[in-house]
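Asks: Sharing structure.pdb, PDB, C-alpha atoms:
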ATOM      1  CA  MET A 110     -17.430   2.140   7.669
ATOM      2  CA  THR A 111     -21.101   2.420   8.477
ATOM      3  CA  SER A 112     -22.549   5.662   7.131
ATOM      4  CA  SER A 113     -25.035   6.182   9.955
ATOM      5  CA  ARG A 114     -25.519   4.935  13.479
ATOM      6  CA  SER A 115     -27.693   1.893  13.696
ATOM      7  CA  THR A 116     -30.610   1.903  16.078
ATOM      8  CA  ALA A 117     -30.171  -1.852  16.467
ATOM      9  CA  ALA A 118     -28.578  -3.208  19.587
ATOM     10  CA  SER A 119     -24.823  -2.886  19.739
ATOM     11  CA  SER A 120     -22.462  -5.766  20.367
ATOM     12  CA  LEU A 121     -21.189  -3.949  23.476
ATOM     13  CA  ASP A 122     -21.170  -6.151  26.566
ATOM     14  CA  PRO A 123     -24.608  -5.582  28.171
ATOM     15  CA  ALA A 124     -22.993  -5.134  31.607
ATOM     16  CA  VAL A 125     -20.885  -2.261  30.258
ATOM     17  CA  ALA A 126     -23.802  -0.797  28.288
ATOM     18  CA  ALA A 127     -25.970  -0.793  31.407
ATOM     19  CA  ARG A 128     -23.374   1.298  33.261
ATOM     20  CA  LEU A 129     -22.939   3.998  30.601
ATOM     21  CA  LYS A 130     -24.650   7.329  31.134
ATOM     22  CA  ARG A 131     -25.145   8.729  27.641
ATOM     23  CA  GLY A 132     -26.261  12.151  26.517
ATOM     24  CA  ALA A 133     -29.645  12.613  24.830
ATOM     25  CA  ASP A 134     -27.913  11.830  21.526
ATOM     26  CA  GLY A 135     -26.685   8.458  22.842
ATOM     27  CA  LEU A 136     -23.063   9.594  22.969
ATOM     28  CA  VAL A 137     -20.403   9.811  25.654
ATOM     29  CA  PRO A 138     -17.234  11.892  25.481
ATOM     30  CA  ALA A 139     -14.069   9.851  25.047
ATOM     31  CA  ILE A 140     -10.753  11.354  26.110
ATOM     32  CA  ALA A 141      -7.644   9.963  24.414
ATOM     33  CA  GLN A 142      -4.513  10.129  26.582
ATOM     34  CA  GLN A 143      -0.976   9.031  25.754
ATOM     35  CA  TYR A 144      -0.497   5.952  27.928
ATOM     36  CA  ASP A 145       3.129   6.481  28.943
ATOM     37  CA  THR A 146       3.345  10.266  29.386
ATOM     38  CA  GLY A 147      -0.186  11.182  30.496
ATOM     39  CA  GLU A 148      -0.446  13.773  27.716
ATOM     40  CA  VAL A 149      -4.099  14.523  26.901
ATOM     41  CA  LEU A 150      -4.390  14.172  23.139
ATOM     42  CA  MET A 151      -7.982  14.729  22.045
ATOM     43  CA  MET A 152     -11.651  14.280  22.798
ATOM     44  CA  GLY A 153     -14.068  12.432  20.548
ATOM     45  CA  TRP A 154     -17.539  10.957  20.839
ATOM     46  CA  MET A 155     -18.485   7.311  21.230
ATOM     47  CA  ASP A 156     -21.754   5.453  21.239
ATOM     48  CA  ASP A 157     -22.120   1.836  22.324
ATOM     49  CA  GLU A 158     -20.969   0.487  18.957
ATOM     50  CA  ALA A 159     -17.908   2.773  18.796
ATOM     51  CA  LEU A 160     -16.935   1.693  22.303
ATOM     52  CA  HIS A 161     -17.455  -1.966  21.373
ATOM     53  CA  ARG A 162     -15.229  -1.567  18.310
ATOM     54  CA  THR A 163     -12.574   0.240  20.377
ATOM     55  CA  LEU A 164     -12.571  -2.533  22.980
ATOM     56  CA  THR A 165     -12.446  -5.379  20.468
ATOM     57  CA  THR A 166     -10.154  -4.064  17.715
ATOM     58  CA  GLY A 167      -7.462  -2.349  19.780
ATOM     59  CA  ARG A 168      -7.879   0.860  17.732
ATOM     60  CA  CYS A 169      -9.972   3.880  18.668
ATOM     61  CA  THR A 170     -13.292   4.190  16.879
ATOM     62  CA  TYR A 171     -15.323   7.376  17.270
ATOM     63  CA  TRP A 172     -18.663   8.694  16.063
ATOM     64  CA  SER A 173     -18.382  11.836  13.931
ATOM     65  CA  ARG A 174     -21.286  14.139  14.734
ATOM     66  CA  SER A 175     -20.555  16.304  11.683
ATOM     67  CA  ARG A 176     -20.196  13.454   9.172
ATOM     68  CA  GLN A 177     -22.690  11.146  10.910
ATOM     69  CA  GLU A 178     -20.430   8.117  10.576
ATOM     70  CA  TYR A 179     -17.985   5.978  12.497
ATOM     71  CA  TRP A 180     -14.300   6.667  11.994
ATOM     72  CA  VAL A 181     -11.226   4.789  13.112
ATOM     73  CA  LYS A 182      -8.414   7.092  14.125
ATOM     74  CA  GLY A 183      -5.667   6.774  11.545
ATOM     75  CA  ASP A 184      -7.594   5.170   8.681
ATOM     76  CA  THR A 185      -7.363   8.333   6.580
ATOM     77  CA  SER A 186      -4.594  10.300   8.334
ATOM     78  CA  GLY A 187      -2.165   7.498   9.120
ATOM     79  CA  HIS A 188      -2.031   8.843  12.702
ATOM     80  CA  PHE A 189      -3.138   5.759  14.592
ATOM     81  CA  GLN A 190      -4.267   5.317  18.175
ATOM     82  CA  TYR A 191      -3.455   1.877  19.543
ATOM     83  CA  VAL A 192      -5.497   1.132  22.675
ATOM     84  CA  LYS A 193      -3.607   0.294  25.863
ATOM     85  CA  SER A 194      -6.544   0.556  28.313
ATOM     86  CA  VAL A 195     -10.120   1.801  28.524
ATOM     87  CA  ALA A 196     -11.816   3.061  31.692
ATOM     88  CA  LEU A 197     -15.025   4.793  32.721
ATOM     89  CA  ASP A 198     -14.966   7.776  35.046
ATOM     90  CA  CYS A 199     -16.692   7.603  38.443
ATOM     91  CA  ASP A 200     -20.041   8.756  36.975
ATOM     92  CA  ALA A 201     -19.795   6.410  33.952
ATOM     93  CA  ASP A 202     -20.444   9.366  31.642
ATOM     94  CA  THR A 203     -16.949   9.743  30.178
ATOM     95  CA  VAL A 204     -14.548   7.205  28.707
ATOM     96  CA  LEU A 205     -10.779   7.474  29.138
ATOM     97  CA  VAL A 206      -8.824   5.650  26.453
ATOM     98  CA  LYS A 207      -5.103   5.374  27.089
ATOM     99  CA  VAL A 208      -3.427   4.962  23.730
ATOM    100  CA  ASP A 209      -0.115   4.767  21.987
ATOM    101  CA  GLN A 210      -0.503   7.674  19.564
ATOM    102  CA  VAL A 211       1.412   7.395  16.293
ATOM    103  CA  GLY A 212       1.741  10.831  14.697
ATOM    104  CA  ALA A 213      -0.561  13.764  15.320
ATOM    105  CA  ALA A 214      -3.757  13.341  17.339
ATOM    106  CA  CYS A 215      -5.366  16.604  16.196
ATOM    107  CA  HIS A 216      -6.960  17.033  12.771
ATOM    108  CA  THR A 217      -4.857  20.212  12.423
ATOM    109  CA  GLY A 218      -1.691  18.117  12.415
ATOM    110  CA  ALA A 219      -0.699  19.055  15.981
ATOM    111  CA  ARG A 220       0.384  16.388  18.439
ATOM    112  CA  THR A 221      -2.531  17.266  20.759
ATOM    113  CA  CYS A 222      -5.754  19.224  20.356
ATOM    114  CA  PHE A 223      -5.051  21.045  23.640
ATOM    115  CA  ASP A 224      -1.843  22.999  23.126
ATOM    116  CA  ALA A 225      -2.778  25.851  20.784
ATOM    117  CA  ASP A 226      -5.315  27.807  22.866
ATOM    118  CA  VAL A 227      -4.112  27.869  26.482
ATOM    119  CA  LEU A 228      -6.552  29.975  28.527
ATOM    120  CA  ALA A 229      -4.604  30.013  31.795
ATOM    121  CA  THR A 230      -1.348  28.801  33.246
ATOM    122  CA  GLU A 231      -0.105  28.283  36.778
ATOM    123  CA  ASP A 232       1.661  31.663  36.590
ATOM    124  CA  HIS A 233      -1.684  33.476  36.205
ATOM    125  CA  ARG A 234      -3.720  31.963  39.028
ATOM    126  CA  GLY A 235      -5.558  34.426  41.216
ATOM    127  CA  GLN A 236      -4.848  37.498  39.083
TER     128      GLN A 236
END
Would you mind giving the structure from this file in structure tokens?

Replies:
Amino acid sequence: MTSSRSTAASSLDPAVAARLKRGADGLVPAIAQQYDTGEVLMMGWMDDEALHRTLTTGRCTYWSRSRQEYWVKGDTSGHFQYVKSVALDCDADTVLVKVDQVGAACHTGARTCFDADVLATEDHRGQ
């Protein structure tokens, strides 16, 4: 994997790149969702190159802000994300990747990153 993001132009389709609304760091949040159940699995960051790799390889590629490198989900953990579809939200500032998740999505070993710290449930609305 590349050890740092290149400032050179990405191979991302220019029509897609022109639509993306990136943060100041050049990144967009990417939500991974289980394609058949709708379960929200995790959130990672993508730049143009990570999105290009995701679209062309069929496996999710993210940019690690802490390690400053690209990573393909599953290359080290064995917990792969196989891409079923990729969509932009209405503002083109978030990517939704519907995947077939094999194994845990969270680095903690949990199926999803969003089940351990529930802040509210339907039973507690309005209290």

Asks: Between CA of Cys199 in chain A and CA of Thr221 in chain A, what is the distance in Å, rounded to a tenth?

Replies: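 Spanning CA of Cys199 in chain A to CA of Thr221 in chain A is a straight-line distance of 24.6 Å.
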
Asks: Between A:Asp157, A:Glu231, A:Asp202, A:Asp184, which one has atoms that come closest to Leu121 in chain A, using all atoms listed in the file?

Replies: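 Looking at the shortest contact to Leu121 in chain A, the residue is A:Asp157.
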
Asks: Let me make sure I understand: among A:Cys215, A:Asp226, A:Leu160, A:Leu150, which one has the smallest atom-to-atom distance to Ala196 in chain A if we use all atoms listed in the file?

Replies: A:Leu160

Asks: I need the output of the PyMOL selection byres ((chain A and resi 182) around 12) for this file as JSON, numbers by chain; which residues are they?

Replies: {"A": [141, 151, 152, 153, 154, 159, 162, 163, 166, 167, 168, 169, 170, 171, 172, 173, 179, 180, 181, 183, 184, 185, 186, 187, 188, 189, 190, 191, 192, 208, 209, 210, 211, 212, 213, 214, 215, 216]}

Asks: Distance CA of Leu136 in chain A-CA of Lys193 in chain A, one decimal place?

Replies: 21.8 Å

Asks: Go ahead and compute the interatomic distance for CA of Gly135 in chain A and CA of Asp156 in chain A, in Å to one decimal.

Replies: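 Interatomic distance, CA of Gly135 in chain A to CA of Asp156 in chain A: 6.0 Å.
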
Asks: With distances taken over only C-alpha atoms, which of A:Val206, A:Asp134, A:Ala201, A:Gly218 is nearest to Arg174 in chain A?

Replies: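 So, comparing all the options, the nearest one is A:Asp134.
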
Asks: So which residues touch Asp122 in chain A within 9 Å, counting all atoms listed in the file, skipping near sequence neighbours fewer than 4 positions away, as JSON, numbers by chain?

Replies: {"A": [126, 127, 161]}

Asks: How big is the axis-aligned box around all listed atoms of range 158-163 of chain A once 8 Å goes on each side, and where's its centre, in Å to one decimal, as lines of an AutoDock Vina configuration file?

Replies:
center_x = -16.8
center_y = 0.4
center_z = 20.3
size_x = 24.4
size_y = 20.7
size_z = 20.0
